[in-house]
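Peer 1: Structure provided below as structure tokens; questions to follow.
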Amino acid sequence: MSNIYNTQELIQILATERQACLKGERLKLDITVSGNPIIDQFIRTDGLQKFTAYQDFKTSIHEYQRENQVSGIIWKDITIKNKNLHYPEIDPELIALEIDFQILKLAKNSILEFWYLVTGEMDLHLSFSNGKQHQKIVKVDVERIVQRTEWATLLKWENPNFLELILQLGWGQPQEATYKRGRPLAGSEFIHAVNPGCYPIG
């Protein structure tokens, strides 16, 4: 019986393959930019060939995950204002299995409790236009968004003079949810908490 790669091994395999593709060691040679051979001879296709080679490899890893039931979950730790949280999220290069979704859904409440605890005195902003613009919101707006989402995760920007804690509330596959490319089956909203008078940078 052959060994089945675990989550960490798949993450490492993908990182190695991504580097090989970036170096041009892997190319999808049958890719064309426009499909018109006259136009394509004047356009550099190597970047697209590298990108497509990696995307194809990543798709095969996702299929391997499904076939062998290899979780996409990684566990993370975050500390804000001397409060700690240990929580699950899906590695950005992997997919969530059905069992992973159950774990994410169970963790949502503890992530939200932590969020509310550490952001009580902070200003809240909802990002839109692909994160380029932000609108100030209040806690009740967050609660409305929470009702229509399945899972949550956190990201922080911090230095001695600035703190921003981003709450991502999503539904569907996390990999598809981040960049709004998976809507309506997958998507997410980003809520930025910053100290009063500050503006989000993330």
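Identifiers for the structure tokens are assigned positionally: chains receive A, B, ... in sequence, residues are indexed from 1 per chain, and ligands are indexed from 1 in the order shown.
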Report as JSON lines: every residue of segment 80-138 of chain A with an atom at most 8 Å from segment 49-63 of chain A, its closest pair of atoms, and their distance in Å to one decimal, counting only C-alpha atoms, with rows sorted by chain and ascending residue number.
Peer 2:
```
{"residue": "A:Glu93", "atom": "CA", "partner": "A:Lys58", "partner_atom": "CA", "distance": 7.4}
{"residue": "A:Leu94", "atom": "CA", "partner": "A:His62", "partner_atom": "CA", "distance": 6.4}
{"residue": "A:Ile95", "atom": "CA", "partner": "A:His62", "partner_atom": "CA", "distance": 6.3}
```
Peer 1: Any idea what's packed within 9 Å of Thr178 of chain A, counting only C-alpha atoms, ignoring anything in its chain fewer than 3 positions away? Could you give it as a list of chain:residue names?
Peer 2: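 Residues near the query, excluding close chain neighbours: A:Gln168, A:Gly170, A:Pro174, A:Gln175, A:Arg181, A:Gly182, A:Ala186, A:Gly187, A:Ser188, A:Glu189.
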Peer 1: I need the residues in segment 4-173 of chain A that are strand (DSSP E or B) according to DSSP; give them as a ChimeraX atom specification.
Peer 2: /A:73-80,83-90,123-128,133-137,151-159,162-171
Peer 1: Can I get the selection written as a compact mmCIF listing (two decimals), in the first residue's frame, with C-alpha atoms?
Peer 2:
```txt
# COMPACT_ATOMS: atom_id res chain seq x y z
CA ILE A 73 -6.92 22.74 7.09
CA ILE A 74 -3.93 24.35 8.75
CA TRP A 75 -4.05 25.56 12.36
CA LYS A 76 -2.98 29.10 13.16
CA ASP A 77 -2.37 31.14 16.28
CA ILE A 78 -3.05 34.84 16.68
CA THR A 79 -2.34 37.16 19.61
CA ILE A 80 -4.00 40.57 19.93
CA LYS A 83 -5.45 37.57 24.02
CA ASN A 84 -4.70 34.36 22.12
CA LEU A 85 -6.69 32.25 19.67
CA HIS A 86 -5.86 28.90 18.06
CA TYR A 87 -8.07 28.42 15.00
CA PRO A 88 -8.40 26.52 11.70
CA GLU A 89 -8.29 27.90 8.19
CA ILE A 90 -7.80 26.43 4.74
CA ASP A 123 -13.45 51.55 14.32
CA LEU A 124 -14.91 49.08 11.82
CA HIS A 125 -14.75 49.36 8.02
CA LEU A 126 -16.20 47.11 5.31
CA SER A 127 -14.04 46.80 2.19
CA PHE A 128 -15.49 46.82 -1.31
CA GLN A 133 -12.26 51.27 -0.79
CA HIS A 134 -13.71 51.07 2.70
CA GLN A 135 -16.97 52.16 4.29
CA LYS A 136 -17.31 52.74 8.02
CA ILE A 137 -19.79 50.36 9.66
CA TRP A 151 -16.93 30.43 8.12
CA ALA A 152 -14.51 33.06 9.37
CA THR A 153 -10.80 33.69 9.49
CA LEU A 154 -8.46 36.45 10.69
CA LEU A 155 -5.49 38.46 9.47
CA LYS A 156 -3.60 41.19 11.29
CA TRP A 157 -1.30 44.07 10.34
CA GLU A 158 0.63 45.31 13.32
CA ASN A 159 3.59 47.50 14.20
CA PHE A 162 -0.62 50.68 14.13
CA LEU A 163 -3.00 47.73 14.50
CA GLU A 164 -5.45 46.41 11.94
CA LEU A 165 -7.38 43.19 12.42
CA ILE A 166 -9.22 41.87 9.37
CA LEU A 167 -12.16 39.52 9.78
CA GLN A 168 -12.96 37.55 6.64
CA LEU A 169 -16.49 36.14 6.65
CA GLY A 170 -17.14 33.73 3.82
CA TRP A 171 -19.12 30.96 2.22
```
Peer 1: Restricting the calculation to only C-alpha atoms, which member of A:Pro196, A:Glu176, A:Asn82, A:Glu9 is positioned closest to Phe114 of chain A?
Peer 2: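 Once distances to Phe114 of chain A are computed over only C-alpha atoms, the minimum belongs to A:Asn82.
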Peer 1: Neighbouring residues of Met122 of chain A were defined as those with any atom within 6 Å, considering only C-alpha atoms; residues of the same chain fewer than 3 positions away were excluded. Please report them as a ChimeraX atom specification.
Peer 2: /A:119,193-196
Peer 1: With N, CA and C atoms retained, write the just-selected residues as a PDB file, in the first residue's frame.
Peer 2:
```
ATOM      1  N   THR A 119     -11.775  43.860  19.515  1.00  0.00           N
ATOM      2  CA  THR A 119     -12.047  45.031  18.670  1.00  0.00           C
ATOM      3  C   THR A 119     -13.108  45.957  19.257  1.00  0.00           C
ATOM      4  N   ALA A 193     -10.849  46.218  11.376  1.00  0.00           N
ATOM      5  CA  ALA A 193     -10.918  46.941  12.646  1.00  0.00           C
ATOM      6  C   ALA A 193      -9.600  47.684  12.838  1.00  0.00           C
ATOM      7  N   VAL A 194      -9.703  48.993  13.074  1.00  0.00           N
ATOM      8  CA  VAL A 194      -8.514  49.823  13.292  1.00  0.00           C
ATOM      9  C   VAL A 194      -8.751  50.709  14.512  1.00  0.00           C
ATOM     10  N   ASN A 195      -7.673  51.227  15.074  1.00  0.00           N
ATOM     11  CA  ASN A 195      -7.815  52.113  16.219  1.00  0.00           C
ATOM     12  C   ASN A 195      -8.575  53.378  15.801  1.00  0.00           C
ATOM     13  N   PRO A 196      -9.325  53.986  16.717  1.00  0.00           N
ATOM     14  CA  PRO A 196     -10.140  55.158  16.383  1.00  0.00           C
ATOM     15  C   PRO A 196      -9.333  56.221  15.651  1.00  0.00           C
TER      16      PRO A 196
END
```
Peer 1: Write down as a PyMOL selection string the residues of segment 92-141 of chain A whose backbone DSSP state falls under alpha helix (DSSP H).
Peer 2: chain A and resi 98-119+139-141
Peer 1: To one decimal place, how far is atom CA of Ala177 of chain A from atom CA of Leu14 of chain A in Å?
Peer 2: 20.0 Å
Peer 1: Could you tell me how far atom CA of Leu97 of chain A sits from atom CA of Gln147 of chain A, in Å to one decimal place?
Peer 2: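 We find that atom CA of Gln147 of chain A and atom CA of Leu97 of chain A lie 22.3 Å from each other.
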Peer 1: Would you work out the distance separating atom CA of Glu150 of chain A from atom CA of Lys105 of chain A, expressed in Å to one decimal?
Peer 2: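 For atom CA of Glu150 of chain A relative to atom CA of Lys105 of chain A, the distance reads 5.9 Å.
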